[in-house]
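Undergrad: What follows is upload_18.pdb, made up of PDB, C-alpha atoms, pLDDT in the B column:
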```pdb
MODEL        1
ATOM      1  CA  MET A   1      -0.253 -11.292  -9.622  1.00 47.00           C
ATOM      2  CA  THR A   2       1.897 -13.870 -11.265  1.00 51.00           C
ATOM      3  CA  GLY A   3       5.341 -15.012 -10.224  1.00 52.00           C
ATOM      4  CA  ASP A   4       7.182 -16.419  -7.221  1.00 57.00           C
ATOM      5  CA  ALA A   5       6.623 -14.277  -4.112  1.00 58.00           C
ATOM      6  CA  SER A   6       9.970 -15.152  -2.483  1.00 62.00           C
ATOM      7  CA  THR A   7      12.524 -12.484  -1.562  1.00 59.00           C
ATOM      8  CA  GLY A   8      14.111 -11.012  -4.672  1.00 62.00           C
ATOM      9  CA  ALA A   9      11.316 -12.283  -6.888  1.00 61.00           C
ATOM     10  CA  ARG A  10       9.717 -10.146  -9.536  1.00 62.00           C
ATOM     11  CA  LEU A  11       5.932 -10.268  -9.764  1.00 60.00           C
ATOM     12  CA  LEU A  12       3.864  -8.966 -12.634  1.00 57.00           C
ATOM     13  CA  GLY A  13       0.297  -7.952 -12.083  1.00 57.00           C
ATOM     14  CA  THR A  14      -2.273  -5.421 -11.132  1.00 54.00           C
ATOM     15  CA  LEU A  15      -1.451  -2.535  -8.846  1.00 55.00           C
ATOM     16  CA  GLY A  16      -3.891  -0.021  -7.429  1.00 51.00           C
ATOM     17  CA  THR A  17      -2.864   2.492 -10.068  1.00 50.00           C
ATOM     18  CA  ALA A  18      -4.483   4.409 -12.868  1.00 50.00           C
ATOM     19  CA  ASP A  19      -4.025   1.730 -15.523  1.00 54.00           C
ATOM     20  CA  GLY A  20      -3.595  -1.198 -13.124  1.00 57.00           C
ATOM     21  CA  LYS A  21      -0.336  -2.502 -14.632  1.00 68.00           C
ATOM     22  CA  GLY A  22       3.057  -2.562 -13.034  1.00 73.00           C
ATOM     23  CA  VAL A  23       5.909  -4.571 -11.617  1.00 77.00           C
ATOM     24  CA  VAL A  24       6.313  -5.562  -7.973  1.00 79.00           C
ATOM     25  CA  ARG A  25       9.591  -6.909  -6.586  1.00 80.00           C
ATOM     26  CA  VAL A  26       9.781  -8.526  -3.151  1.00 83.00           C
ATOM     27  CA  GLU A  27      12.823  -6.883  -1.579  1.00 86.00           C
ATOM     28  CA  ALA A  28      12.499  -8.480   1.877  1.00 87.00           C
ATOM     29  CA  CYS A  29      10.072 -10.935   3.426  1.00 84.00           C
ATOM     30  CA  GLU A  30      10.742 -11.725   7.074  1.00 86.00           C
ATOM     31  CA  ALA A  31       7.493 -13.486   7.981  1.00 82.00           C
ATOM     32  CA  PRO A  32       5.658 -12.700  10.129  1.00 86.00           C
ATOM     33  CA  ARG A  33       7.337  -9.382  11.010  1.00 92.00           C
ATOM     34  CA  ARG A  34       8.320  -7.454   7.873  1.00 91.00           C
ATOM     35  CA  LEU A  35       7.527  -7.139   4.187  1.00 89.00           C
ATOM     36  CA  LEU A  36       9.276  -4.713   1.829  1.00 90.00           C
ATOM     37  CA  VAL A  37       8.245  -4.509  -1.814  1.00 88.00           C
ATOM     38  CA  LEU A  38       9.360  -2.188  -4.577  1.00 88.00           C
ATOM     39  CA  THR A  39       6.837  -1.222  -7.220  1.00 84.00           C
ATOM     40  CA  ARG A  40       7.113   0.550 -10.523  1.00 81.00           C
ATOM     41  CA  GLU A  41       4.372   1.728 -12.807  1.00 76.00           C
ATOM     42  CA  PRO A  42       5.093   1.651 -16.549  1.00 76.00           C
ATOM     43  CA  ASP A  43       5.382   5.461 -16.798  1.00 77.00           C
ATOM     44  CA  GLN A  44       7.708   5.854 -13.786  1.00 78.00           C
ATOM     45  CA  SER A  45      11.497   5.913 -13.840  1.00 80.00           C
ATOM     46  CA  GLU A  46      11.899   5.412 -10.081  1.00 85.00           C
ATOM     47  CA  ASP A  47      10.760   2.606  -7.779  1.00 86.00           C
ATOM     48  CA  GLN A  48       8.258   3.187  -5.017  1.00 89.00           C
ATOM     49  CA  SER A  49       8.630   1.222  -1.795  1.00 92.00           C
ATOM     50  CA  ILE A  50       6.001  -0.202   0.503  1.00 90.00           C
ATOM     51  CA  GLU A  51       7.180  -1.513   3.853  1.00 94.00           C
ATOM     52  CA  VAL A  52       4.915  -3.115   6.420  1.00 92.00           C
ATOM     53  CA  THR A  53       6.186  -4.129   9.845  1.00 95.00           C
ATOM     54  CA  LEU A  54       4.332  -5.887  12.642  1.00 94.00           C
ATOM     55  CA  THR A  55       5.468  -5.679  16.264  1.00 96.00           C
ATOM     56  CA  ALA A  56       3.997  -7.614  19.163  1.00 93.00           C
ATOM     57  CA  ASP A  57       2.838  -5.324  21.971  1.00 90.00           C
ATOM     58  CA  GLY A  58       1.424  -7.374  24.826  1.00 92.00           C
ATOM     59  CA  GLY A  59      -1.728  -9.035  23.520  1.00 91.00           C
ATOM     60  CA  GLN A  60      -1.903  -6.722  20.505  1.00 91.00           C
ATOM     61  CA  THR A  61       0.078  -6.090  17.346  1.00 90.00           C
ATOM     62  CA  THR A  62       1.255  -2.714  16.081  1.00 93.00           C
ATOM     63  CA  VAL A  63       1.195  -2.407  12.280  1.00 90.00           C
ATOM     64  CA  VAL A  64       3.320   0.275  10.603  1.00 93.00           C
ATOM     65  CA  TRP A  65       2.733   0.859   6.866  1.00 90.00           C
ATOM     66  CA  GLU A  66       5.178   3.176   5.118  1.00 92.00           C
ATOM     67  CA  GLU A  67       5.298   4.145   1.452  1.00 90.00           C
ATOM     68  CA  ARG A  68       8.067   6.150  -0.215  1.00 92.00           C
ATOM     69  CA  GLY A  69       8.528   7.518  -3.696  1.00 89.00           C
ATOM     70  CA  MET A  70       4.929   8.081  -4.721  1.00 84.00           C
ATOM     71  CA  PRO A  71       4.239  11.024  -7.009  1.00 82.00           C
ATOM     72  CA  VAL A  72       3.202  14.064  -4.936  1.00 85.00           C
ATOM     73  CA  ALA A  73       0.245  14.690  -7.246  1.00 87.00           C
ATOM     74  CA  TYR A  74      -1.249  11.349  -6.130  1.00 86.00           C
ATOM     75  CA  LEU A  75      -0.876  11.794  -2.352  1.00 89.00           C
ATOM     76  CA  ALA A  76      -4.605  12.228  -1.662  1.00 93.00           C
ATOM     77  CA  GLY A  77      -5.404   9.061  -3.601  1.00 92.00           C
ATOM     78  CA  TYR A  78      -2.647   7.109  -1.890  1.00 88.00           C
ATOM     79  CA  GLY A  79      -3.786   8.276   1.561  1.00 91.00           C
ATOM     80  CA  ALA A  80      -7.397   7.322   0.928  1.00 94.00           C
ATOM     81  CA  GLY A  81      -6.375   4.023  -0.691  1.00 91.00           C
ATOM     82  CA  ILE A  82      -4.105   3.008   2.162  1.00 90.00           C
ATOM     83  CA  GLN A  83      -6.874   3.793   4.647  1.00 93.00           C
ATOM     84  CA  VAL A  84      -9.265   1.565   2.663  1.00 94.00           C
ATOM     85  CA  HIS A  85      -6.705  -1.281   2.769  1.00 90.00           C
ATOM     86  CA  VAL A  86      -6.176  -0.904   6.512  1.00 90.00           C
ATOM     87  CA  GLU A  87      -9.925  -0.817   7.130  1.00 94.00           C
ATOM     88  CA  ASP A  88     -10.291  -3.971   5.012  1.00 93.00           C
ATOM     89  CA  LEU A  89      -7.564  -5.664   7.057  1.00 89.00           C
ATOM     90  CA  GLY A  90      -9.479  -4.781  10.230  1.00 91.00           C
ATOM     91  CA  ALA A  91     -12.679  -6.165   8.710  1.00 95.00           C
ATOM     92  CA  TYR A  92     -10.924  -9.399   7.755  1.00 94.00           C
ATOM     93  CA  LEU A  93      -9.397  -9.831  11.210  1.00 89.00           C
ATOM     94  CA  THR A  94     -12.794  -9.379  12.888  1.00 94.00           C
ATOM     95  CA  GLY A  95     -14.727 -11.561  10.444  1.00 96.00           C
ATOM     96  CA  ARG A  96     -16.584  -8.712   8.746  1.00 96.00           C
ATOM     97  CA  GLU A  97     -17.092  -8.184   5.014  1.00 95.00           C
ATOM     98  CA  ARG A  98     -14.783  -5.907   3.045  1.00 93.00           C
ATOM     99  CA  CYS A  99     -16.136  -2.511   2.118  1.00 93.00           C
ATOM    100  CA  ASP A 100     -17.029  -1.291  -1.353  1.00 94.00           C
ATOM    101  CA  ALA A 101     -13.548   0.109  -2.042  1.00 92.00           C
ATOM    102  CA  GLY A 102     -14.654   2.521  -4.766  1.00 92.00           C
ATOM    103  CA  ALA A 103     -17.421   4.014  -2.650  1.00 95.00           C
ATOM    104  CA  ARG A 104     -15.171   4.273   0.414  1.00 96.00           C
ATOM    105  CA  MET A 105     -12.440   5.976  -1.656  1.00 94.00           C
ATOM    106  CA  GLY A 106     -15.054   8.498  -2.776  1.00 94.00           C
ATOM    107  CA  GLU A 107     -15.930   9.220   0.854  1.00 96.00           C
ATOM    108  CA  LEU A 108     -12.313   9.542   2.017  1.00 96.00           C
ATOM    109  CA  PHE A 109     -10.665  11.363  -0.900  1.00 95.00           C
ATOM    110  CA  PRO A 110     -12.100  14.836  -0.095  1.00 96.00           C
ATOM    111  CA  ALA A 111     -10.615  14.691   3.416  1.00 95.00           C
ATOM    112  CA  TYR A 112      -7.162  13.816   2.059  1.00 94.00           C
ATOM    113  CA  GLU A 113      -7.068  16.556  -0.621  1.00 94.00           C
ATOM    114  CA  PRO A 114      -6.311  19.471   1.747  1.00 92.00           C
ATOM    115  CA  LEU A 115      -3.689  17.386   3.567  1.00 89.00           C
ATOM    116  CA  ALA A 116      -1.956  16.551   0.295  1.00 87.00           C
ATOM    117  CA  ALA A 117      -2.135  20.188  -0.830  1.00 87.00           C
ATOM    118  CA  LYS A 118      -0.033  21.187   2.195  1.00 87.00           C
ATOM    119  CA  VAL A 119       2.782  18.914   0.980  1.00 83.00           C
ATOM    120  CA  SER A 120       2.720  19.947  -2.689  1.00 63.00           C
TER     121      SER A 120
ENDMDL
END
```
How would this structure read if it were set down as structure tokens?

TA:
Amino acid sequence: MTGDASTGARLLGTLGTADGKGVVRVEACEAPRRLLVLTREPDQSEDQSIEVTLTADGGQTTVVWEERGMPVAYLAGYGAGIQVHVEDLGAYLTGRERCDAGARMGELFPAYEPLAAKVS
């Protein structure tokens, strides 16, 4: 990514998409509780949103990750990809190595396909 990551900034860089190119705009950054970004792939006319919120809950933190506006045809890939990212976050927080994302996506994708088919 290149650009200033402050609220309202526009970043150019690689997204986890088919061709890896797109635009990301930071819509809100309320560290350390909330991040809202809007993304757009070159072939899309509408923005997608990714919002992550963190809420303290005793000695733990609840993380809520919500995405809106993704193409329905890509739901299985998005589901598997988000799970890989969350697993990598857990690995980072516990001092473990990240997984092989491509291999893990291959393991997860078949489980997400029937779930996505119910939405289509």

Undergrad: Suppose a student applies the PyMOL selection byres ((chain A and resi 101-117) around 8) to this structure; what residues should they get, written as an mmCIF file with C-alpha atoms, in the coordinates of the input?

TA:
```cif
data_model
loop_
_atom_site.group_PDB
_atom_site.id
_atom_site.type_symbol
_atom_site.label_atom_id
_atom_site.label_comp_id
_atom_site.auth_asym_id
_atom_site.auth_seq_id
_atom_site.Cartn_x
_atom_site.Cartn_y
_atom_site.Cartn_z
ATOM 1 C CA VAL A 72 3.202 14.064 -4.936
ATOM 2 C CA LEU A 75 -0.876 11.794 -2.352
ATOM 3 C CA ALA A 76 -4.605 12.228 -1.662
ATOM 4 C CA GLY A 77 -5.404 9.061 -3.601
ATOM 5 C CA GLY A 79 -3.786 8.276 1.561
ATOM 6 C CA ALA A 80 -7.397 7.322 0.928
ATOM 7 C CA GLY A 81 -6.375 4.023 -0.691
ATOM 8 C CA VAL A 84 -9.265 1.565 2.663
ATOM 9 C CA ARG A 98 -14.783 -5.907 3.045
ATOM 10 C CA CYS A 99 -16.136 -2.511 2.118
ATOM 11 C CA ASP A 100 -17.029 -1.291 -1.353
ATOM 12 C CA LYS A 118 -0.033 21.187 2.195
ATOM 13 C CA VAL A 119 2.782 18.914 0.980
ATOM 14 C CA SER A 120 2.720 19.947 -2.689
#
```

Undergrad: Decode the PyMOL selection byres ((chain A and resi 55) around 12) for the given file into explicit residues and return them as a PyMOL selection string.

TA: chain A and resi 31-34+52-54+56-65

Undergrad: Go ahead and write the residues just picked, C-alpha atoms, as a short mmCIF file (atom, residue, chain, number, x, y, z; two decimals), keeping the file's coordinate frame.

TA:
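again.cif, freshly written:
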```cif
data_model
loop_
_atom_site.label_atom_id
_atom_site.label_comp_id
_atom_site.auth_asym_id
_atom_site.auth_seq_id
_atom_site.Cartn_x
_atom_site.Cartn_y
_atom_site.Cartn_z
CA ALA A 31 7.49 -13.49 7.98
CA PRO A 32 5.66 -12.70 10.13
CA ARG A 33 7.34 -9.38 11.01
CA ARG A 34 8.32 -7.45 7.87
CA VAL A 52 4.92 -3.12 6.42
CA THR A 53 6.19 -4.13 9.85
CA LEU A 54 4.33 -5.89 12.64
CA ALA A 56 4.00 -7.61 19.16
CA ASP A 57 2.84 -5.32 21.97
CA GLY A 58 1.42 -7.37 24.83
CA GLY A 59 -1.73 -9.04 23.52
CA GLN A 60 -1.90 -6.72 20.50
CA THR A 61 0.08 -6.09 17.35
CA THR A 62 1.25 -2.71 16.08
CA VAL A 63 1.20 -2.41 12.28
CA VAL A 64 3.32 0.28 10.60
CA TRP A 65 2.73 0.86 6.87
#
```

Undergrad: Could you tell me, as number ranges by chain, exactly which residues end up selected when the PyMOL selection byres ((chain A and resi 69) around 9) is applied to this structure?

TA: A: 46-49, 67-68, 70-72

Undergrad: How many Å separate atom CA of His85 of chain A from atom CA of Ala73 of chain A?

TA: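 Going from atom CA of His85 of chain A over to atom CA of Ala73 of chain A, I get 20.1 Å.
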
Undergrad: Using atom CA of Cys29 of chain A and atom CA of Glu41 of chain A as the two end points, give the distance in Å to one decimal.

TA: 21.4 Å

Undergrad: Could you give me the axis-aligned bounding box of segment 111-116 of chain A, with 3 Å of padding per side, as centre plus edge lengths in Å to one decimal, as lines of an AutoDock Vina configuration file?

TA:
```
center_x = -6.3
center_y = 16.6
center_z = 1.5
size_x = 14.7
size_y = 11.7
size_z = 10.2
```
